[in-house]
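query_23.tsv, holding TSV, C-alpha atoms and all ligand atoms:
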chain	number	residue	atom	x	y	z
A	1	MET	CA	-6.49	-1.16	16.26
A	2	LEU	CA	-5.88	1.32	19.11
A	3	TRP	CA	-7.24	4.12	16.92
A	4	MET	CA	-10.39	2.10	16.33
A	5	LEU	CA	-10.89	1.39	20.05
A	6	ALA	CA	-10.40	5.07	20.93
A	7	SER	CA	-12.84	6.02	18.20
A	8	LEU	CA	-15.44	3.52	19.44
A	9	PHE	CA	-15.09	4.93	22.94
A	10	PHE	CA	-16.07	8.42	21.77
A	11	PHE	CA	-18.96	7.05	19.68
A	12	TRP	CA	-20.14	5.24	22.80
A	13	CYS	CA	-19.99	8.53	24.77
A	14	ALA	CA	-22.11	10.16	22.05
A	15	PHE	CA	-24.54	7.26	22.09
A	16	ARG	CA	-24.86	7.50	25.90
A	17	GLU	CA	-25.61	11.22	25.62
A	18	ILE	CA	-28.38	10.61	23.05
A	19	ARG	CA	-29.83	7.69	25.01
A	20	GLY	CA	-29.88	9.88	28.15
A	21	SER	CA	-32.09	12.38	26.29
A	22	ILE	CA	-34.66	9.68	25.43
A	23	VAL	CA	-34.56	7.29	28.39
A	24	PRO	CA	-34.30	8.86	31.87
A	25	PRO	CA	-30.95	7.89	33.44
A	26	GLN	CA	-31.18	5.72	36.57
A	27	GLY	CA	-32.51	7.67	39.56
A	28	TYR	CA	-34.00	10.44	37.37
A	29	ASP	CA	-37.67	10.97	36.50
A	30	HIS	CA	-37.03	12.83	33.24
A	31	PRO	CA	-34.58	12.40	30.41
A	32	THR	CA	-31.70	14.90	30.47
A	33	PRO	CA	-31.61	17.23	27.45
A	34	ILE	CA	-28.73	16.72	25.04
A	35	ASN	CA	-25.65	18.85	25.62
A	36	ASN	CA	-25.08	19.79	22.00
A	37	SER	CA	-21.47	20.87	22.22
A	38	TYR	CA	-20.52	17.75	24.21
A	39	LEU	CA	-22.27	15.57	21.61
A	40	ALA	CA	-20.57	17.40	18.73
A	41	ILE	CA	-17.13	17.01	20.33
A	42	MET	CA	-17.65	13.28	21.01
A	43	LEU	CA	-18.84	12.64	17.43
A	44	ALA	CA	-15.99	14.69	15.95
A	45	LEU	CA	-13.38	12.81	18.02
A	46	GLY	CA	-14.95	9.50	16.98
A	47	VAL	CA	-14.75	10.40	13.29
A	48	VAL	CA	-11.22	11.88	13.48
A	49	LEU	CA	-9.84	8.82	15.30
A	50	ALA	CA	-11.55	6.41	12.90
A	51	TRP	CA	-10.03	8.12	9.86
A	52	PRO	CA	-6.47	6.64	9.89
A	53	PRO	CA	-7.57	2.97	10.10
A	54	VAL	CA	-10.44	3.47	7.65
A	55	HIS	CA	-8.11	5.22	5.23
A	56	ARG	CA	-5.54	2.42	5.58
A	57	TRP	CA	-8.19	-0.26	4.94
A	58	TYR	CA	-9.35	1.56	1.86
A	59	PHE	CA	-5.75	1.86	0.58
A	60	GLU	CA	-5.11	-1.86	1.24
A	61	TRP	CA	-8.31	-2.77	-0.59
A	62	PHE	CA	-7.33	-0.57	-3.54
A	63	LEU	CA	-3.78	-2.00	-3.67
A	64	SER	CA	-5.15	-5.57	-3.42
A	65	ARG	CA	-7.36	-5.03	-6.46
A	66	MET	CA	-4.53	-3.52	-8.49
A	67	ALA	CA	-2.02	-6.21	-7.41
A	68	THR	CA	-4.53	-8.88	-8.51
A	69	GLU	CA	-4.73	-7.27	-11.94
A	70	LEU	CA	-0.93	-7.02	-12.22
A	71	ALA	CA	-0.66	-10.67	-11.17
A	72	ASP	CA	-2.81	-11.77	-14.14
A	73	ASN	CA	-5.82	-12.27	-11.85
A	74	HIS	CA	-4.12	-14.41	-9.24
A	75	ARG	CA	-5.88	-13.12	-6.14
A	76	ALA	CA	-3.68	-10.80	-4.11
A	77	SER	CA	-4.41	-9.27	-0.74
A	78	VAL	CA	-2.16	-6.45	0.37
A	79	HIS	CA	-1.47	-5.68	4.00
A	80	CYS	CA	0.25	-2.45	5.00
A	81	ASN	CA	2.30	-3.29	8.09
A	82	THR	CA	2.33	-0.78	10.91
A	83	ALA	CA	5.67	-0.04	12.60
A	84	PHE	CA	4.69	-2.61	15.24
A	85	ASP	CA	3.80	-5.29	12.63
A	86	THR	CA	7.19	-4.69	11.02
A	87	MET	CA	9.02	-5.11	14.32
A	88	VAL	CA	7.51	-8.55	14.92
A	89	ASP	CA	7.75	-9.63	11.27
A	90	PRO	CA	10.45	-12.27	10.68
A	91	ASP	CA	11.05	-10.64	7.27
A	92	MET	CA	11.54	-7.18	8.75
A	93	LEU	CA	14.77	-6.61	6.81
A	94	PHE	CA	12.91	-6.81	3.51
A	95	ALA	CA	10.70	-4.03	2.20
A	96	GLY	CA	7.92	-6.49	1.49
A	97	HIS	CA	7.10	-10.14	1.06
A	98	ALA	CA	4.56	-12.16	-0.86
A	99	ASN	CA	3.26	-15.70	-0.75
A	100	PRO	CA	1.95	-17.03	-4.08
A	101	ARG	CA	0.10	-19.84	-2.27
A	102	THR	CA	-2.04	-17.54	-0.13
A	103	GLY	CA	-1.91	-14.42	-2.28
A	104	LYS	CA	-0.82	-12.39	0.73
A	105	ILE	CA	1.48	-9.42	0.20
A	106	GLY	CA	2.94	-7.63	3.22
A	107	LEU	CA	4.46	-4.19	2.73
A	108	GLN	CA	6.66	-3.12	5.63
A	109	ALA	CA	6.37	0.24	7.35
A	110	PRO	CA	6.74	2.86	6.03
A	111	TRP	CA	6.50	1.68	2.41
A	112	CYS	CA	2.71	2.05	2.10
A	113	ASP	CA	3.04	5.65	3.28
A	114	VAL	CA	5.85	6.25	0.80
A	115	LEU	CA	3.69	4.76	-1.98
A	116	ALA	CA	0.76	6.97	-0.96
A	117	ALA	CA	3.09	10.00	-1.05
A	118	TYR	CA	4.26	8.96	-4.55
A	119	LEU	CA	0.65	8.79	-5.75
A	120	ARG	CA	-0.03	12.31	-4.44
A	121	HIS	CA	2.70	13.86	-6.62
A	122	PRO	CA	3.98	11.31	-9.17
A	123	ALA	CA	5.47	14.00	-11.40
A	124	HIS	CA	7.81	15.03	-8.56
A	125	ALA	CA	8.66	11.56	-7.28
A	126	ASP	CA	12.02	11.14	-5.55
A	127	GLU	CA	14.10	7.96	-5.76
A	128	ARG	CA	12.53	6.45	-2.65
A	129	GLU	CA	8.99	7.07	-3.87
A	130	LEU	CA	9.89	5.44	-7.19
A	131	ALA	CA	11.28	2.49	-5.23
A	132	SER	CA	7.92	2.10	-3.46
A	133	LEU	CA	6.17	1.66	-6.82
A	134	ASP	CA	8.76	-0.95	-7.82
A	135	ILE	CA	8.33	-2.83	-4.51
A	136	PHE	CA	4.56	-2.97	-5.02
A	137	THR	CA	4.97	-4.28	-8.59
A	138	HIS	CA	7.70	-6.74	-7.50
A	139	GLU	CA	5.53	-8.32	-4.79
A	140	SER	CA	2.63	-8.58	-7.25
A	141	MET	CA	4.92	-10.54	-9.59
A	142	HIS	CA	5.56	-13.08	-6.82
A	143	ILE	CA	1.78	-13.62	-6.64
A	144	ARG	CA	1.91	-14.66	-10.32
A	145	GLY	CA	4.05	-17.53	-9.07
A	146	GLU	CA	7.60	-16.36	-9.85
A	147	LEU	CA	10.01	-16.97	-6.97
A	148	ASN	CA	13.43	-16.29	-8.50
A	149	GLU	CA	14.27	-12.75	-7.34
A	150	ALA	CA	16.15	-11.61	-10.43
A	151	ARG	CA	13.36	-12.77	-12.76
A	152	THR	CA	10.68	-11.34	-10.45
A	153	GLU	CA	12.41	-7.98	-10.38
A	154	CYS	CA	12.81	-7.91	-14.14
A	155	GLN	CA	9.10	-8.68	-14.59
A	156	ALA	CA	8.39	-5.75	-12.27
A	157	ILE	CA	10.75	-3.45	-14.18
A	158	GLN	CA	8.82	-4.17	-17.39
A	159	ARG	CA	5.47	-3.63	-15.66
A	160	ASN	CA	6.13	-0.53	-13.57
A	161	TYR	CA	4.61	1.56	-16.38
A	162	ARG	CA	1.43	-0.56	-16.32
A	163	SER	CA	1.47	-0.56	-12.53
A	164	ALA	CA	1.72	3.23	-12.19
A	165	LYS	CA	-1.13	3.70	-14.68
A	166	LEU	CA	-3.30	1.21	-12.77
A	167	LEU	CA	-2.67	3.20	-9.61
A	168	GLY	CA	-3.97	6.32	-11.36
A	169	VAL	CA	-0.78	8.01	-12.58
A	170	PRO	CA	-1.22	9.78	-15.95
A	171	ALA	CA	0.38	7.77	-18.81
A	172	GLY	CA	3.17	10.23	-19.66
A	173	VAL	CA	4.30	10.57	-16.05
A	174	ALA	CA	3.94	6.80	-15.50
A	175	LYS	CA	6.24	6.12	-18.47
A	176	GLN	CA	8.89	8.53	-17.20
A	177	ASN	CA	8.70	7.14	-13.64
A	178	ALA	CA	9.01	3.55	-14.88
A	179	LEU	CA	11.97	4.42	-17.12
A	180	ASP	CA	13.66	6.28	-14.24
A	181	ILE	CA	13.30	3.17	-12.06
A	182	TYR	CA	14.88	1.07	-14.83
A	183	HIS	CA	17.69	3.51	-15.64
A	184	PHE	CA	18.56	4.63	-12.12
A	185	ASN	CA	17.19	2.48	-9.26
A	186	TYR	CA	17.70	-0.78	-11.15
A	187	GLN	CA	21.15	-0.11	-12.63
A	188	GLU	CA	22.27	1.08	-9.17
A	189	ARG	CA	21.48	-2.41	-7.82
A	190	GLY	CA	23.81	-4.01	-10.34
A	191	LYS	CA	26.61	-1.68	-9.20
A	192	ILE	CA	26.04	-2.12	-5.44
A	193	GLY	CA	26.41	-5.90	-5.67
A	194	GLY	CA	26.09	-8.07	-2.54
A	195	MET	CA	22.49	-8.90	-1.58
A	196	GLN	CA	21.20	-6.42	-4.19
A	197	SER	CA	22.78	-8.40	-7.03
A	198	ALA	CA	20.29	-11.23	-6.41
A	199	TYR	CA	17.67	-8.79	-7.73
A	200	TYR	CA	19.64	-7.77	-10.80
A	201	SER	CA	20.37	-9.34	-14.16
A	202	ASP	CA	22.18	-7.86	-17.15
A	203	GLN	CA	19.72	-9.89	-19.24
A	204	CYS	CA	16.95	-7.54	-18.07
A	205	ALA	CA	17.07	-5.19	-21.03
A	206	PRO	CA	15.22	-4.66	-24.31
A	207	GLY	CA	15.75	-7.64	-26.61
A	208	GLN	CA	17.67	-9.64	-23.99
A	209	ALA	CA	16.76	-13.02	-22.45
A	210	LEU	CA	14.41	-11.64	-19.77
A	211	ASP	CA	12.53	-9.29	-22.12
A	212	GLU	CA	8.90	-10.50	-22.20
A	213	HIS	CA	8.08	-8.29	-25.18
A	214	LEU	CA	4.98	-6.92	-23.48
A	215	PRO	CA	3.00	-4.53	-25.69
A	216	ASP	CA	2.92	-1.99	-22.83
A	217	SER	CA	6.40	-2.70	-21.50
A	218	THR	CA	8.21	0.08	-19.67
A	219	TRP	CA	10.84	0.13	-22.39
A	220	SER	CA	8.68	-0.45	-25.48
A	221	THR	CA	8.24	2.54	-27.76
A	222	PRO	CA	4.61	3.10	-28.72
B	1	ZN	ZN	11.04	-10.75	-4.00

The structure in this file should be written as structure tokens.
Ligand SMILES: [Zn+2]
Amino acid sequence: MLWMLASLFFFWCAFREIRGSIVPPQGYDHPTPINNSYLAIMLALGVVLAWPPVHRWYFEWFLSRMATELADNHRASVHCNTAFDTMVDPDMLFAGHANPRTGKIGLQAPWCDVLAAYLRHPAHADERELASLDIFTHESMHIRGELNEARTECQAIQRNYRSAKLLGVPAGVAKQNALDIYHFNYQERGKIGGMQSAYYSDQCAPGQALDEHLPDSTWSTP
């Protein structure tokens, strides 16, 4: 929001400069000619400052569309929380939250940035970047209507391959990333125990009770 206000201020300065060249400013008989370098600097500042919020809106719009598709067309709208949003969010201890009634998904700072970093170099994703993909898929599963955390997480595990491909990751890399999340990130949860164990089930495995037998499941062999 602050970025946008700062940007608007510089656009207003540019507008005032152009208007001054057409309409004589108060107390002057003639319009003042445009100071080109001043105008260029004001326009450049306006564009540069508008970029972060515009980029974030675009990313949220993109994630909302993909989350809707993952959620079997239950409408999802993704919001990337800023550090400030996260501080005032009652669910700040969680990486994200989703409300199946409203379709709203909130991703806490800095998880949208981590997800964007993952999408820039999926073939070299680290464990945290892989976790960001899983969080996005997990919250999308809540929008389908599932509220039990262990079942939600298992649905995400099976769809991380689909999810990565939807977000533009090449199929081979998406498969490897999704399997890494299942083999490493997910199994780690089972070992950590405590709060993490609410997100884990030993029935989340090929052929076990939580296997949905999806044709494009993370663990299905083509
Ligand atoms: Zn959840």

- prompt: What lies within 6 Å of region 72-85 of chain A using all atoms listed in the file, ignoring chain neighbours under 6 positions off, as a ChimeraX atom specification?
  reply: /A:60,64,103-109,112

Selection from above, C-alpha atoms, as a compact mmCIF listing (two decimals), in the coordinates of the input, can you write it?
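So out13.txt came out as:
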# COMPACT_ATOMS: atom_id res chain seq x y z
CA GLU A 60 -5.11 -1.86 1.24
CA SER A 64 -5.15 -5.57 -3.42
CA GLY A 103 -1.91 -14.42 -2.28
CA LYS A 104 -0.82 -12.39 0.73
CA ILE A 105 1.48 -9.42 0.20
CA GLY A 106 2.94 -7.63 3.22
CA LEU A 107 4.46 -4.19 2.73
CA GLN A 108 6.66 -3.12 5.63
CA ALA A 109 6.37 0.24 7.35
CA CYS A 112 2.71 2.05 2.10

field: Polymer residues at most 12 Å from (9.2, -7.0, -13.7) by all atoms listed in the file, as a ChimeraX atom specification
entry: /A:70-71,133-142,144,146,148-163,178,181-182,186,199-201,204-205,210-214,217-219

Selection file, C-alpha atoms, as a PDB file, in the frame of the given file:
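Wrote it out as result-v7.pdb, contents follow:
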ATOM      1  CA  LEU A  70      -0.930  -7.020 -12.220  1.00  0.00           C
ATOM      2  CA  ALA A  71      -0.660 -10.670 -11.170  1.00  0.00           C
ATOM      3  CA  LEU A 133       6.170   1.660  -6.820  1.00  0.00           C
ATOM      4  CA  ASP A 134       8.760  -0.950  -7.820  1.00  0.00           C
ATOM      5  CA  ILE A 135       8.330  -2.830  -4.510  1.00  0.00           C
ATOM      6  CA  PHE A 136       4.560  -2.970  -5.020  1.00  0.00           C
ATOM      7  CA  THR A 137       4.970  -4.280  -8.590  1.00  0.00           C
ATOM      8  CA  HIS A 138       7.700  -6.740  -7.500  1.00  0.00           C
ATOM      9  CA  GLU A 139       5.530  -8.320  -4.790  1.00  0.00           C
ATOM     10  CA  SER A 140       2.630  -8.580  -7.250  1.00  0.00           C
ATOM     11  CA  MET A 141       4.920 -10.540  -9.590  1.00  0.00           C
ATOM     12  CA  HIS A 142       5.560 -13.080  -6.820  1.00  0.00           C
ATOM     13  CA  ARG A 144       1.910 -14.660 -10.320  1.00  0.00           C
ATOM     14  CA  GLU A 146       7.600 -16.360  -9.850  1.00  0.00           C
ATOM     15  CA  ASN A 148      13.430 -16.290  -8.500  1.00  0.00           C
ATOM     16  CA  GLU A 149      14.270 -12.750  -7.340  1.00  0.00           C
ATOM     17  CA  ALA A 150      16.150 -11.610 -10.430  1.00  0.00           C
ATOM     18  CA  ARG A 151      13.360 -12.770 -12.760  1.00  0.00           C
ATOM     19  CA  THR A 152      10.680 -11.340 -10.450  1.00  0.00           C
ATOM     20  CA  GLU A 153      12.410  -7.980 -10.380  1.00  0.00           C
ATOM     21  CA  CYS A 154      12.810  -7.910 -14.140  1.00  0.00           C
ATOM     22  CA  GLN A 155       9.100  -8.680 -14.590  1.00  0.00           C
ATOM     23  CA  ALA A 156       8.390  -5.750 -12.270  1.00  0.00           C
ATOM     24  CA  ILE A 157      10.750  -3.450 -14.180  1.00  0.00           C
ATOM     25  CA  GLN A 158       8.820  -4.170 -17.390  1.00  0.00           C
ATOM     26  CA  ARG A 159       5.470  -3.630 -15.660  1.00  0.00           C
ATOM     27  CA  ASN A 160       6.130  -0.530 -13.570  1.00  0.00           C
ATOM     28  CA  TYR A 161       4.610   1.560 -16.380  1.00  0.00           C
ATOM     29  CA  ARG A 162       1.430  -0.560 -16.320  1.00  0.00           C
ATOM     30  CA  SER A 163       1.470  -0.560 -12.530  1.00  0.00           C
ATOM     31  CA  ALA A 178       9.010   3.550 -14.880  1.00  0.00           C
ATOM     32  CA  ILE A 181      13.300   3.170 -12.060  1.00  0.00           C
ATOM     33  CA  TYR A 182      14.880   1.070 -14.830  1.00  0.00           C
ATOM     34  CA  TYR A 186      17.700  -0.780 -11.150  1.00  0.00           C
ATOM     35  CA  TYR A 199      17.670  -8.790  -7.730  1.00  0.00           C
ATOM     36  CA  TYR A 200      19.640  -7.770 -10.800  1.00  0.00           C
ATOM     37  CA  SER A 201      20.370  -9.340 -14.160  1.00  0.00           C
ATOM     38  CA  CYS A 204      16.950  -7.540 -18.070  1.00  0.00           C
ATOM     39  CA  ALA A 205      17.070  -5.190 -21.030  1.00  0.00           C
ATOM     40  CA  LEU A 210      14.410 -11.640 -19.770  1.00  0.00           C
ATOM     41  CA  ASP A 211      12.530  -9.290 -22.120  1.00  0.00           C
ATOM     42  CA  GLU A 212       8.900 -10.500 -22.200  1.00  0.00           C
ATOM     43  CA  HIS A 213       8.080  -8.290 -25.180  1.00  0.00           C
ATOM     44  CA  LEU A 214       4.980  -6.920 -23.480  1.00  0.00           C
ATOM     45  CA  SER A 217       6.400  -2.700 -21.500  1.00  0.00           C
ATOM     46  CA  THR A 218       8.210   0.080 -19.670  1.00  0.00           C
ATOM     47  CA  TRP A 219      10.840   0.130 -22.390  1.00  0.00           C
TER      48      TRP A 219
END

- prompt: Just how far from CA of Pro206 (chain A) is CA of Gly172 (chain A), in Å to one decimal?
  reply: 19.7 Å

- prompt: What is the CA of Ala171 (chain A) to CA of Gly207 (chain A) distance in Å?
  reply: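 A separation of 23.1 Å between them.
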
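Across the structure, CA of Asp202 (chain A) and CA of Ala131 (chain A) are spaced 19.2 Å apart.
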
field: For Trp12 (chain A), the nearest of the candidates A:His97, A:Leu39, A:Ala116, A:Pro122, counting all atoms listed in the file
entry: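 Closest residue, counting all atoms listed in the file: A:Leu39.
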
field: Test item: residues at most 12 Å from Pro52 (chain A), all atoms listed in the file, excluding those fewer than 4 positions along its chain, as number ranges by chain
entry: A: 1-4, 6-7, 46-48, 56-59, 82, 113

message: Could you check the closest approach to Leu147 (chain A) for each of A:Leu63, A:Leu49, A:Val114, A:Ala98 and tell me which residue wins, using only C-alpha atoms?
response: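 Checking each candidate against Leu147 (chain A), we get A:Ala98 as the closest.
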
statement: For ligand ZN 1 (chain B), the closest of A:Thr86, A:Gln176, A:Asn35, A:Asn99 counting all atoms listed in the file is A:Asn99

query: So, counting only C-alpha atoms, which residue among A:Thr68, A:Glu17, A:Ala44, A:Pro90 is closest to Pro31 (chain A)?
result: A:Glu17
